[in-house]
Every structure is written in structure tokens, then in C-alpha cells.
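Source file: input15.pdb; contents: PDB, N, CA and C atoms.
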MODEL        1
ATOM      1  N   MET A   1     100.507  80.962 111.504  1.00  0.00           N
ATOM      2  CA  MET A   1     100.298  82.301 110.974  1.00  0.00           C
ATOM      3  C   MET A   1     100.688  82.315 109.499  1.00  0.00           C
ATOM      4  N   VAL A   2     100.121  83.272 108.819  1.00  0.00           N
ATOM      5  CA  VAL A   2     100.362  83.433 107.395  1.00  0.00           C
ATOM      6  C   VAL A   2     100.673  84.906 107.126  1.00  0.00           C
ATOM      7  N   SER A   3     101.547  85.181 106.173  1.00  0.00           N
ATOM      8  CA  SER A   3     101.898  86.560 105.817  1.00  0.00           C
ATOM      9  C   SER A   3     101.062  87.019 104.628  1.00  0.00           C
ATOM     10  N   MET A   4     100.471  88.219 104.768  1.00  0.00           N
ATOM     11  CA  MET A   4      99.673  88.815 103.692  1.00  0.00           C
ATOM     12  C   MET A   4      99.820  90.330 103.762  1.00  0.00           C
ATOM     13  N   ARG A   5      99.452  90.986 102.689  1.00  0.00           N
ATOM     14  CA  ARG A   5      99.430  92.445 102.679  1.00  0.00           C
ATOM     15  C   ARG A   5      98.189  92.929 103.431  1.00  0.00           C
ATOM     16  N   CYS A   6      98.373  93.929 104.289  1.00  0.00           N
ATOM     17  CA  CYS A   6      97.275  94.456 105.099  1.00  0.00           C
ATOM     18  C   CYS A   6      96.977  95.892 104.669  1.00  0.00           C
ATOM     19  N   LYS A   7      95.755  96.128 104.225  1.00  0.00           N
ATOM     20  CA  LYS A   7      95.352  97.471 103.804  1.00  0.00           C
ATOM     21  C   LYS A   7      95.400  98.464 104.957  1.00  0.00           C
ATOM     22  N   ASN A   8      95.047  98.034 106.162  1.00  0.00           N
ATOM     23  CA  ASN A   8      95.033  98.938 107.310  1.00  0.00           C
ATOM     24  C   ASN A   8      96.438  99.311 107.773  1.00  0.00           C
ATOM     25  N   CYS A   9      97.429  98.514 107.431  1.00  0.00           N
ATOM     26  CA  CYS A   9      98.819  98.759 107.847  1.00  0.00           C
ATOM     27  C   CYS A   9      99.639  99.355 106.704  1.00  0.00           C
ATOM     28  N   GLY A  10      98.986 100.076 105.821  1.00  0.00           N
ATOM     29  CA  GLY A  10      99.691 100.728 104.726  1.00  0.00           C
ATOM     30  C   GLY A  10     100.070  99.783 103.599  1.00  0.00           C
ATOM     31  N   ASN A  11      99.290  98.706 103.432  1.00  0.00           N
ATOM     32  CA  ASN A  11      99.512  97.718 102.383  1.00  0.00           C
ATOM     33  C   ASN A  11     100.873  97.028 102.522  1.00  0.00           C
ATOM     34  N   THR A  12     101.347  96.905 103.755  1.00  0.00           N
ATOM     35  CA  THR A  12     102.624  96.242 104.021  1.00  0.00           C
ATOM     36  C   THR A  12     102.386  94.781 104.384  1.00  0.00           C
ATOM     37  N   LEU A  13     103.406  93.977 104.243  1.00  0.00           N
ATOM     38  CA  LEU A  13     103.328  92.563 104.561  1.00  0.00           C
ATOM     39  C   LEU A  13     103.276  92.383 106.077  1.00  0.00           C
ATOM     40  N   GLN A  14     102.230  91.708 106.563  1.00  0.00           N
ATOM     41  CA  GLN A  14     102.021  91.494 107.994  1.00  0.00           C
ATOM     42  C   GLN A  14     101.689  90.034 108.247  1.00  0.00           C
ATOM     43  N   GLU A  15     101.868  89.609 109.484  1.00  0.00           N
ATOM     44  CA  GLU A  15     101.456  88.277 109.904  1.00  0.00           C
ATOM     45  C   GLU A  15      99.962  88.307 110.212  1.00  0.00           C
ATOM     46  N   PHE A  16      99.240  87.296 109.783  1.00  0.00           N
ATOM     47  CA  PHE A  16      97.817  87.147 110.065  1.00  0.00           C
ATOM     48  C   PHE A  16      97.604  85.847 110.823  1.00  0.00           C
ATOM     49  N   ARG A  17      96.624  85.847 111.718  1.00  0.00           N
ATOM     50  CA  ARG A  17      96.309  84.665 112.513  1.00  0.00           C
ATOM     51  C   ARG A  17      94.872  84.238 112.231  1.00  0.00           C
ATOM     52  N   GLU A  18      94.527  83.027 112.639  1.00  0.00           N
ATOM     53  CA  GLU A  18      93.165  82.547 112.475  1.00  0.00           C
ATOM     54  C   GLU A  18      92.219  83.352 113.357  1.00  0.00           C
ATOM     55  N   LEU A  19      90.951  83.412 112.968  1.00  0.00           N
ATOM     56  CA  LEU A  19      89.947  84.129 113.742  1.00  0.00           C
ATOM     57  C   LEU A  19      89.548  83.331 114.976  1.00  0.00           C
ATOM     58  N   THR A  20      89.274  84.032 116.067  1.00  0.00           N
ATOM     59  CA  THR A  20      88.730  83.385 117.256  1.00  0.00           C
ATOM     60  C   THR A  20      87.240  83.115 117.006  1.00  0.00           C
ATOM     61  N   GLU A  21      86.607  82.367 117.885  1.00  0.00           N
ATOM     62  CA  GLU A  21      85.179  82.075 117.716  1.00  0.00           C
ATOM     63  C   GLU A  21      84.338  83.348 117.735  1.00  0.00           C
ATOM     64  N   ALA A  22      84.659  84.277 118.631  1.00  0.00           N
ATOM     65  CA  ALA A  22      83.919  85.544 118.703  1.00  0.00           C
ATOM     66  C   ALA A  22      84.099  86.347 117.410  1.00  0.00           C
ATOM     67  N   GLU A  23      85.298  86.351 116.871  1.00  0.00           N
ATOM     68  CA  GLU A  23      85.562  87.065 115.617  1.00  0.00           C
ATOM     69  C   GLU A  23      84.824  86.409 114.456  1.00  0.00           C
ATOM     70  N   GLN A  24      84.751  85.083 114.467  1.00  0.00           N
ATOM     71  CA  GLN A  24      84.020  84.372 113.416  1.00  0.00           C
ATOM     72  C   GLN A  24      82.546  84.759 113.424  1.00  0.00           C
ATOM     73  N   GLU A  25      81.962  84.930 114.611  1.00  0.00           N
ATOM     74  CA  GLU A  25      80.558  85.333 114.714  1.00  0.00           C
ATOM     75  C   GLU A  25      80.336  86.715 114.123  1.00  0.00           C
ATOM     76  N   PHE A  26      81.317  87.606 114.252  1.00  0.00           N
ATOM     77  CA  PHE A  26      81.218  88.948 113.676  1.00  0.00           C
ATOM     78  C   PHE A  26      81.346  88.891 112.147  1.00  0.00           C
ATOM     79  N   VAL A  27      82.261  88.075 111.644  1.00  0.00           N
ATOM     80  CA  VAL A  27      82.557  88.018 110.211  1.00  0.00           C
ATOM     81  C   VAL A  27      81.493  87.239 109.431  1.00  0.00           C
ATOM     82  N   ARG A  28      80.942  86.182 110.023  1.00  0.00           N
ATOM     83  CA  ARG A  28      80.016  85.280 109.318  1.00  0.00           C
ATOM     84  C   ARG A  28      78.921  86.010 108.541  1.00  0.00           C
ATOM     85  N   PRO A  29      78.162  86.938 109.118  1.00  0.00           N
ATOM     86  CA  PRO A  29      77.095  87.589 108.337  1.00  0.00           C
ATOM     87  C   PRO A  29      77.610  88.603 107.309  1.00  0.00           C
ATOM     88  N   ARG A  30      78.880  88.914 107.331  1.00  0.00           N
ATOM     89  CA  ARG A  30      79.430  89.931 106.439  1.00  0.00           C
ATOM     90  C   ARG A  30      80.088  89.359 105.186  1.00  0.00           C
ATOM     91  N   ILE A  31      80.182  88.048 105.105  1.00  0.00           N
ATOM     92  CA  ILE A  31      80.787  87.432 103.917  1.00  0.00           C
ATOM     93  C   ILE A  31      79.700  86.718 103.131  1.00  0.00           C
ATOM     94  N   GLY A  32      79.979  86.458 101.869  1.00  0.00           N
ATOM     95  CA  GLY A  32      79.012  85.768 101.034  1.00  0.00           C
ATOM     96  C   GLY A  32      78.840  84.313 101.460  1.00  0.00           C
ATOM     97  N   LYS A  33      77.671  83.765 101.176  1.00  0.00           N
ATOM     98  CA  LYS A  33      77.383  82.379 101.545  1.00  0.00           C
ATOM     99  C   LYS A  33      78.256  81.392 100.781  1.00  0.00           C
ATOM    100  N   ASP A  34      78.838  81.836  99.686  1.00  0.00           N
ATOM    101  CA  ASP A  34      79.686  80.952  98.884  1.00  0.00           C
ATOM    102  C   ASP A  34      81.149  80.943  99.351  1.00  0.00           C
ATOM    103  N   LYS A  35      81.466  81.672 100.404  1.00  0.00           N
ATOM    104  CA  LYS A  35      82.850  81.753 100.895  1.00  0.00           C
ATOM    105  C   LYS A  35      82.992  81.008 102.211  1.00  0.00           C
ATOM    106  N   ARG A  36      84.144  80.357 102.384  1.00  0.00           N
ATOM    107  CA  ARG A  36      84.434  79.612 103.610  1.00  0.00           C
ATOM    108  C   ARG A  36      84.920  80.548 104.699  1.00  0.00           C
ATOM    109  N   LEU A  37      84.345  80.430 105.870  1.00  0.00           N
ATOM    110  CA  LEU A  37      84.743  81.247 107.014  1.00  0.00           C
ATOM    111  C   LEU A  37      86.178  80.950 107.421  1.00  0.00           C
ATOM    112  N   GLY A  38      86.635  79.705 107.243  1.00  0.00           N
ATOM    113  CA  GLY A  38      87.990  79.315 107.605  1.00  0.00           C
ATOM    114  C   GLY A  38      89.060  79.942 106.729  1.00  0.00           C
ATOM    115  N   ALA A  39      88.661  80.595 105.638  1.00  0.00           N
ATOM    116  CA  ALA A  39      89.614  81.246 104.741  1.00  0.00           C
ATOM    117  C   ALA A  39      89.937  82.672 105.190  1.00  0.00           C
ATOM    118  N   TYR A  40      89.280  83.142 106.261  1.00  0.00           N
ATOM    119  CA  TYR A  40      89.489  84.505 106.740  1.00  0.00           C
ATOM    120  C   TYR A  40      90.450  84.528 107.921  1.00  0.00           C
ATOM    121  N   TYR A  41      91.309  85.527 107.926  1.00  0.00           N
ATOM    122  CA  TYR A  41      92.339  85.685 108.952  1.00  0.00           C
ATOM    123  C   TYR A  41      92.326  87.121 109.460  1.00  0.00           C
ATOM    124  N   ARG A  42      92.920  87.326 110.633  1.00  0.00           N
ATOM    125  CA  ARG A  42      93.007  88.659 111.229  1.00  0.00           C
ATOM    126  C   ARG A  42      94.460  89.081 111.333  1.00  0.00           C
ATOM    127  N   CYS A  43      94.717  90.358 111.046  1.00  0.00           N
ATOM    128  CA  CYS A  43      96.070  90.896 111.170  1.00  0.00           C
ATOM    129  C   CYS A  43      96.513  90.810 112.627  1.00  0.00           C
ATOM    130  N   ALA A  44      97.724  90.316 112.845  1.00  0.00           N
ATOM    131  CA  ALA A  44      98.234  90.091 114.196  1.00  0.00           C
ATOM    132  C   ALA A  44      99.028  91.284 114.740  1.00  0.00           C
ATOM    133  N   ARG A  45      99.182  92.346 113.939  1.00  0.00           N
ATOM    134  CA  ARG A  45      99.920  93.521 114.420  1.00  0.00           C
ATOM    135  C   ARG A  45      99.105  94.214 115.506  1.00  0.00           C
ATOM    136  N   ALA A  46      99.743  94.612 116.570  1.00  0.00           N
ATOM    137  CA  ALA A  46      99.061  95.273 117.690  1.00  0.00           C
ATOM    138  C   ALA A  46      98.312  96.511 117.205  1.00  0.00           C
ATOM    139  N   GLY A  47      97.049  96.609 117.567  1.00  0.00           N
ATOM    140  CA  GLY A  47      96.243  97.768 117.220  1.00  0.00           C
ATOM    141  C   GLY A  47      95.507  97.656 115.903  1.00  0.00           C
ATOM    142  N   CYS A  48      95.836  96.712 115.070  1.00  0.00           N
ATOM    143  CA  CYS A  48      95.170  96.565 113.770  1.00  0.00           C
ATOM    144  C   CYS A  48      93.920  95.714 113.951  1.00  0.00           C
ATOM    145  N   ARG A  49      92.822  96.102 113.290  1.00  0.00           N
ATOM    146  CA  ARG A  49      91.555  95.391 113.407  1.00  0.00           C
ATOM    147  C   ARG A  49      91.118  94.759 112.089  1.00  0.00           C
ATOM    148  N   ARG A  50      92.020  94.615 111.134  1.00  0.00           N
ATOM    149  CA  ARG A  50      91.700  94.115 109.799  1.00  0.00           C
ATOM    150  C   ARG A  50      91.517  92.599 109.779  1.00  0.00           C
ATOM    151  N   TYR A  51      90.468  92.143 109.076  1.00  0.00           N
ATOM    152  CA  TYR A  51      90.311  90.732 108.741  1.00  0.00           C
ATOM    153  C   TYR A  51      90.168  90.645 107.220  1.00  0.00           C
ATOM    154  N   GLN A  52      90.662  89.589 106.638  1.00  0.00           N
ATOM    155  CA  GLN A  52      90.564  89.431 105.190  1.00  0.00           C
ATOM    156  C   GLN A  52      90.718  87.974 104.808  1.00  0.00           C
ATOM    157  N   ARG A  53      90.296  87.688 103.562  1.00  0.00           N
ATOM    158  CA  ARG A  53      90.358  86.328 103.051  1.00  0.00           C
ATOM    159  C   ARG A  53      91.749  86.042 102.514  1.00  0.00           C
ATOM    160  N   ARG A  54      92.243  84.871 102.810  1.00  0.00           N
ATOM    161  CA  ARG A  54      93.559  84.477 102.314  1.00  0.00           C
ATOM    162  C   ARG A  54      93.521  84.422 100.792  1.00  0.00           C
ATOM    163  N   GLY A  55      94.495  85.054 100.178  1.00  0.00           N
ATOM    164  CA  GLY A  55      94.584  85.081  98.720  1.00  0.00           C
ATOM    165  C   GLY A  55      93.898  86.271  98.069  1.00  0.00           C
ATOM    166  N   ASP A  56      93.184  87.095  98.843  1.00  0.00           N
ATOM    167  CA  ASP A  56      92.504  88.265  98.280  1.00  0.00           C
ATOM    168  C   ASP A  56      92.447  89.367  99.338  1.00  0.00           C
ATOM    169  N   HIS A  57      93.450  90.241  99.342  1.00  0.00           N
ATOM    170  CA  HIS A  57      93.492  91.286 100.368  1.00  0.00           C
ATOM    171  C   HIS A  57      92.409  92.347 100.182  1.00  0.00           C
ATOM    172  N   ASN A  58      91.667  92.302  99.061  1.00  0.00           N
ATOM    173  CA  ASN A  58      90.558  93.236  98.851  1.00  0.00           C
ATOM    174  C   ASN A  58      89.261  92.732  99.474  1.00  0.00           C
ATOM    175  N   ASP A  59      89.207  91.455  99.836  1.00  0.00           N
ATOM    176  CA  ASP A  59      88.013  90.855 100.408  1.00  0.00           C
ATOM    177  C   ASP A  59      88.162  90.798 101.926  1.00  0.00           C
ATOM    178  N   GLY A  60      87.608  91.771 102.598  1.00  0.00           N
ATOM    179  CA  GLY A  60      87.715  91.817 104.058  1.00  0.00           C
ATOM    180  C   GLY A  60      87.148  93.109 104.592  1.00  0.00           C
ATOM    181  N   GLY A  61      87.479  93.402 105.824  1.00  0.00           N
ATOM    182  CA  GLY A  61      86.987  94.612 106.473  1.00  0.00           C
ATOM    183  C   GLY A  61      87.706  94.807 107.791  1.00  0.00           C
ATOM    184  N   SER A  62      87.108  95.593 108.640  1.00  0.00           N
ATOM    185  CA  SER A  62      87.700  95.880 109.952  1.00  0.00           C
ATOM    186  C   SER A  62      86.692  95.600 111.057  1.00  0.00           C
ATOM    187  N   PHE A  63      87.198  95.122 112.166  1.00  0.00           N
ATOM    188  CA  PHE A  63      86.376  94.959 113.351  1.00  0.00           C
ATOM    189  C   PHE A  63      86.136  96.346 113.938  1.00  0.00           C
ATOM    190  N   PRO A  64      85.013  96.530 114.646  1.00  0.00           N
ATOM    191  CA  PRO A  64      84.762  97.836 115.256  1.00  0.00           C
ATOM    192  C   PRO A  64      85.777  98.128 116.360  1.00  0.00           C
ATOM    193  N   PRO A  65      86.003  99.394 116.669  1.00  0.00           N
ATOM    194  CA  PRO A  65      86.934  99.722 117.757  1.00  0.00           C
ATOM    195  C   PRO A  65      86.436  99.162 119.088  1.00  0.00           C
ATOM    196  N   PRO A  66      87.350  98.815 119.966  1.00  0.00           N
ATOM    197  CA  PRO A  66      86.931  98.288 121.271  1.00  0.00           C
ATOM    198  C   PRO A  66      86.201  99.360 122.073  1.00  0.00           C
ATOM    199  N   GLU A  67      85.289  98.899 122.898  1.00  0.00           N
ATOM    200  CA  GLU A  67      84.487  99.863 123.694  1.00  0.00           C
ATOM    201  C   GLU A  67      85.188 100.250 124.961  1.00  0.00           C
TER     202      GLU A  67
ENDMDL
END

What would you get if you wrote out this structure as C-alpha cells?
Amino acid sequence: MVSMRCKNCGNTLQEFRELTEAEQEFVRPRIGKDKRLGAYYRCARAGCRRYQRRGDHNDGGSFPPPE
């Protein structure tokens, strides 16, 4: 895990984990072709759906709410 600031958690320092395969499939079409998918992580705090690129907390988004 890696610690980064999370916009969804009030810009506080949170632990982030690697994306699962299903999460990678969601993120892949949403990032630029010049960016590595392995550079993206997901916030590990319960209830948070934020994913972002390591080193740039402005580059990311949120997964849709669970159905």
C-alpha cells in the first residue's frame, strides 16, 4: 500500500491499494493512452470509491456506486 492525499476523503492522507482486474477494466478507457495503468491506485478507506495516479492526486476519478 501507498499513502496519498484523497480528494474524496477531504484531501486527507489515506492508504491506497493496487487496482483489482475488474477495477483496471473500468479505469483503462478513462485514462490517456500515454499513462500506465499500473500507476493507478484505489483508496483503501471503507466506503471511498476514489482511484488516482500515484504522484498526481488530481489525475483520477471515482468508481460508480455499487448497485

What residues come out when you apply the PyMOL selection byres ((chain A and resi 38-45) around 6.5) to this file, written as a list in words?
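In the shown coordinates, the PyMOL selection byres ((chain A and resi 38-45) around 6.5) covers Gln14, Glu15, Phe16, Arg17, Glu18, Leu19, Lys35, Arg36, Leu37, Ala46, Gly47, Cys48, Arg49, Arg50, Tyr51, Gln52, Arg53 and Arg54 of chain A.
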
For region 16-30 of chain A, take all atoms listed in the file, fit an axis-aligned box around them, add 5 Å to each of the six sides, then output centre and edge lengths in Å rounded to one decimal, as JSON.
{"center_x": 88.2, "center_y": 86.0, "center_z": 111.9, "size_x": 32.1, "size_y": 17.9, "size_z": 23.5}

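In the backbone-derived DSSP annotation, helix (DSSP H, G or I) within chain A comprises A:Lys7, A:Asn8, A:Cys9, A:Glu21, A:Ala22, A:Glu23, A:Gln24, A:Glu25, A:Phe26, A:Val27, A:Arg28, A:Pro29, A:Arg30, A:Leu37, A:Gly38, A:Ala39.
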
Which residue of A:Pro65, A:Met1, A:Gly10, A:Asp59 approaches Gly32 (chain A) most closely, using only C-alpha atoms:
A:Asp59

Quick one, how far is atom N of His57 (chain A) from CA of Asn11 (chain A)?
10.1 Å

Quick one: pull the distance between CA of Ser62 (chain A) and atom N of Lys33 (chain A), Å, one decimal.
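CA of Ser62 (chain A) sits 18.0 Å away from atom N of Lys33 (chain A).
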
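If you look at CA of Gln24 (chain A) and CA of Phe63 (chain A), they are 10.8 Å away from each other.
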
Can you list every residue in region 6-63 of chain A that DSSP puts in strand (DSSP E), as a list in words?
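The residues of region 6-63 of chain A classed as strand (DSSP E) are Cys6, Thr12, Leu13, Gln14, Glu15, Phe16, Arg17, Glu18, Tyr40, Tyr41, Arg42, Cys43, Arg50, Tyr51, Gln52, Arg53, Asp56, His57, Asn58, Asp59, Gly60, Gly61 and Ser62 of chain A.
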
Looking at only C-alpha atoms, which of A:Asp34, A:Ser3, A:Val27, A:Ala22 is the one that sits closest to Gly60 (chain A)?
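Nearest to Gly60 (chain A): A:Val27.
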
Nearest candidate to Val2 (chain A) (options A:Gly55, A:Glu21, A:Ile31, A:Phe26; using only C-alpha atoms)
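That would be A:Gly55, the residue with the smallest distance to Val2 (chain A).
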
Complete the atoms of region 17-40 of chain A to N, CA, C and O atoms and put them out as a compact mmCIF listing (two decimals), in the coordinates of the input.
# COMPACT_ATOMS: atom_id res chain seq x y z
N ARG A 17 96.62 85.85 111.72
CA ARG A 17 96.31 84.66 112.51
C ARG A 17 94.87 84.24 112.23
O ARG A 17 94.08 85.00 111.67
N GLU A 18 94.53 83.03 112.64
CA GLU A 18 93.16 82.55 112.48
C GLU A 18 92.22 83.35 113.36
O GLU A 18 92.61 83.89 114.39
N LEU A 19 90.95 83.41 112.97
CA LEU A 19 89.95 84.13 113.74
C LEU A 19 89.55 83.33 114.98
O LEU A 19 89.46 82.10 114.93
N THR A 20 89.27 84.03 116.07
CA THR A 20 88.73 83.38 117.26
C THR A 20 87.24 83.12 117.01
O THR A 20 86.66 83.62 116.03
N GLU A 21 86.61 82.37 117.88
CA GLU A 21 85.18 82.08 117.72
C GLU A 21 84.34 83.35 117.74
O GLU A 21 83.41 83.50 116.95
N ALA A 22 84.66 84.28 118.63
CA ALA A 22 83.92 85.54 118.70
C ALA A 22 84.10 86.35 117.41
O ALA A 22 83.14 86.95 116.91
N GLU A 23 85.30 86.35 116.87
CA GLU A 23 85.56 87.06 115.62
C GLU A 23 84.82 86.41 114.46
O GLU A 23 84.31 87.09 113.57
N GLN A 24 84.75 85.08 114.47
CA GLN A 24 84.02 84.37 113.42
C GLN A 24 82.55 84.76 113.42
O GLN A 24 81.95 84.93 112.37
N GLU A 25 81.96 84.93 114.61
CA GLU A 25 80.56 85.33 114.71
C GLU A 25 80.34 86.72 114.12
O GLU A 25 79.28 86.99 113.56
N PHE A 26 81.32 87.61 114.25
CA PHE A 26 81.22 88.95 113.68
C PHE A 26 81.35 88.89 112.15
O PHE A 26 80.61 89.56 111.43
N VAL A 27 82.26 88.08 111.64
CA VAL A 27 82.56 88.02 110.21
C VAL A 27 81.49 87.24 109.43
O VAL A 27 81.15 87.61 108.30
N ARG A 28 80.94 86.18 110.02
CA ARG A 28 80.02 85.28 109.32
C ARG A 28 78.92 86.01 108.54
O ARG A 28 78.74 85.75 107.35
N PRO A 29 78.16 86.94 109.12
CA PRO A 29 77.10 87.59 108.34
C PRO A 29 77.61 88.60 107.31
O PRO A 29 76.84 89.09 106.48
N ARG A 30 78.88 88.91 107.33
CA ARG A 30 79.43 89.93 106.44
C ARG A 30 80.09 89.36 105.19
O ARG A 30 80.54 90.12 104.33
N ILE A 31 80.18 88.05 105.10
CA ILE A 31 80.79 87.43 103.92
C ILE A 31 79.70 86.72 103.13
O ILE A 31 78.64 86.40 103.65
N GLY A 32 79.98 86.46 101.87
CA GLY A 32 79.01 85.77 101.03
C GLY A 32 78.84 84.31 101.46
O GLY A 32 79.74 83.71 102.02
N LYS A 33 77.67 83.76 101.18
CA LYS A 33 77.38 82.38 101.54
C LYS A 33 78.26 81.39 100.78
O LYS A 33 78.40 80.25 101.18
N ASP A 34 78.84 81.84 99.69
CA ASP A 34 79.69 80.95 98.88
C ASP A 34 81.15 80.94 99.35
O ASP A 34 81.97 80.24 98.77
N LYS A 35 81.47 81.67 100.40
CA LYS A 35 82.85 81.75 100.90
C LYS A 35 82.99 81.01 102.21
O LYS A 35 82.10 81.03 103.05
N ARG A 36 84.14 80.36 102.38
CA ARG A 36 84.43 79.61 103.61
C ARG A 36 84.92 80.55 104.70
O ARG A 36 85.83 81.34 104.49
N LEU A 37 84.34 80.43 105.87
CA LEU A 37 84.74 81.25 107.01
C LEU A 37 86.18 80.95 107.42
O LEU A 37 86.91 81.84 107.85
N GLY A 38 86.64 79.70 107.24
CA GLY A 38 87.99 79.32 107.60
C GLY A 38 89.06 79.94 106.73
O GLY A 38 90.25 79.85 107.03
N ALA A 39 88.66 80.60 105.64
CA ALA A 39 89.61 81.25 104.74
C ALA A 39 89.94 82.67 105.19
O ALA A 39 90.76 83.33 104.58
N TYR A 40 89.28 83.14 106.26
CA TYR A 40 89.49 84.50 106.74
C TYR A 40 90.45 84.53 107.92
O TYR A 40 90.40 83.66 108.79
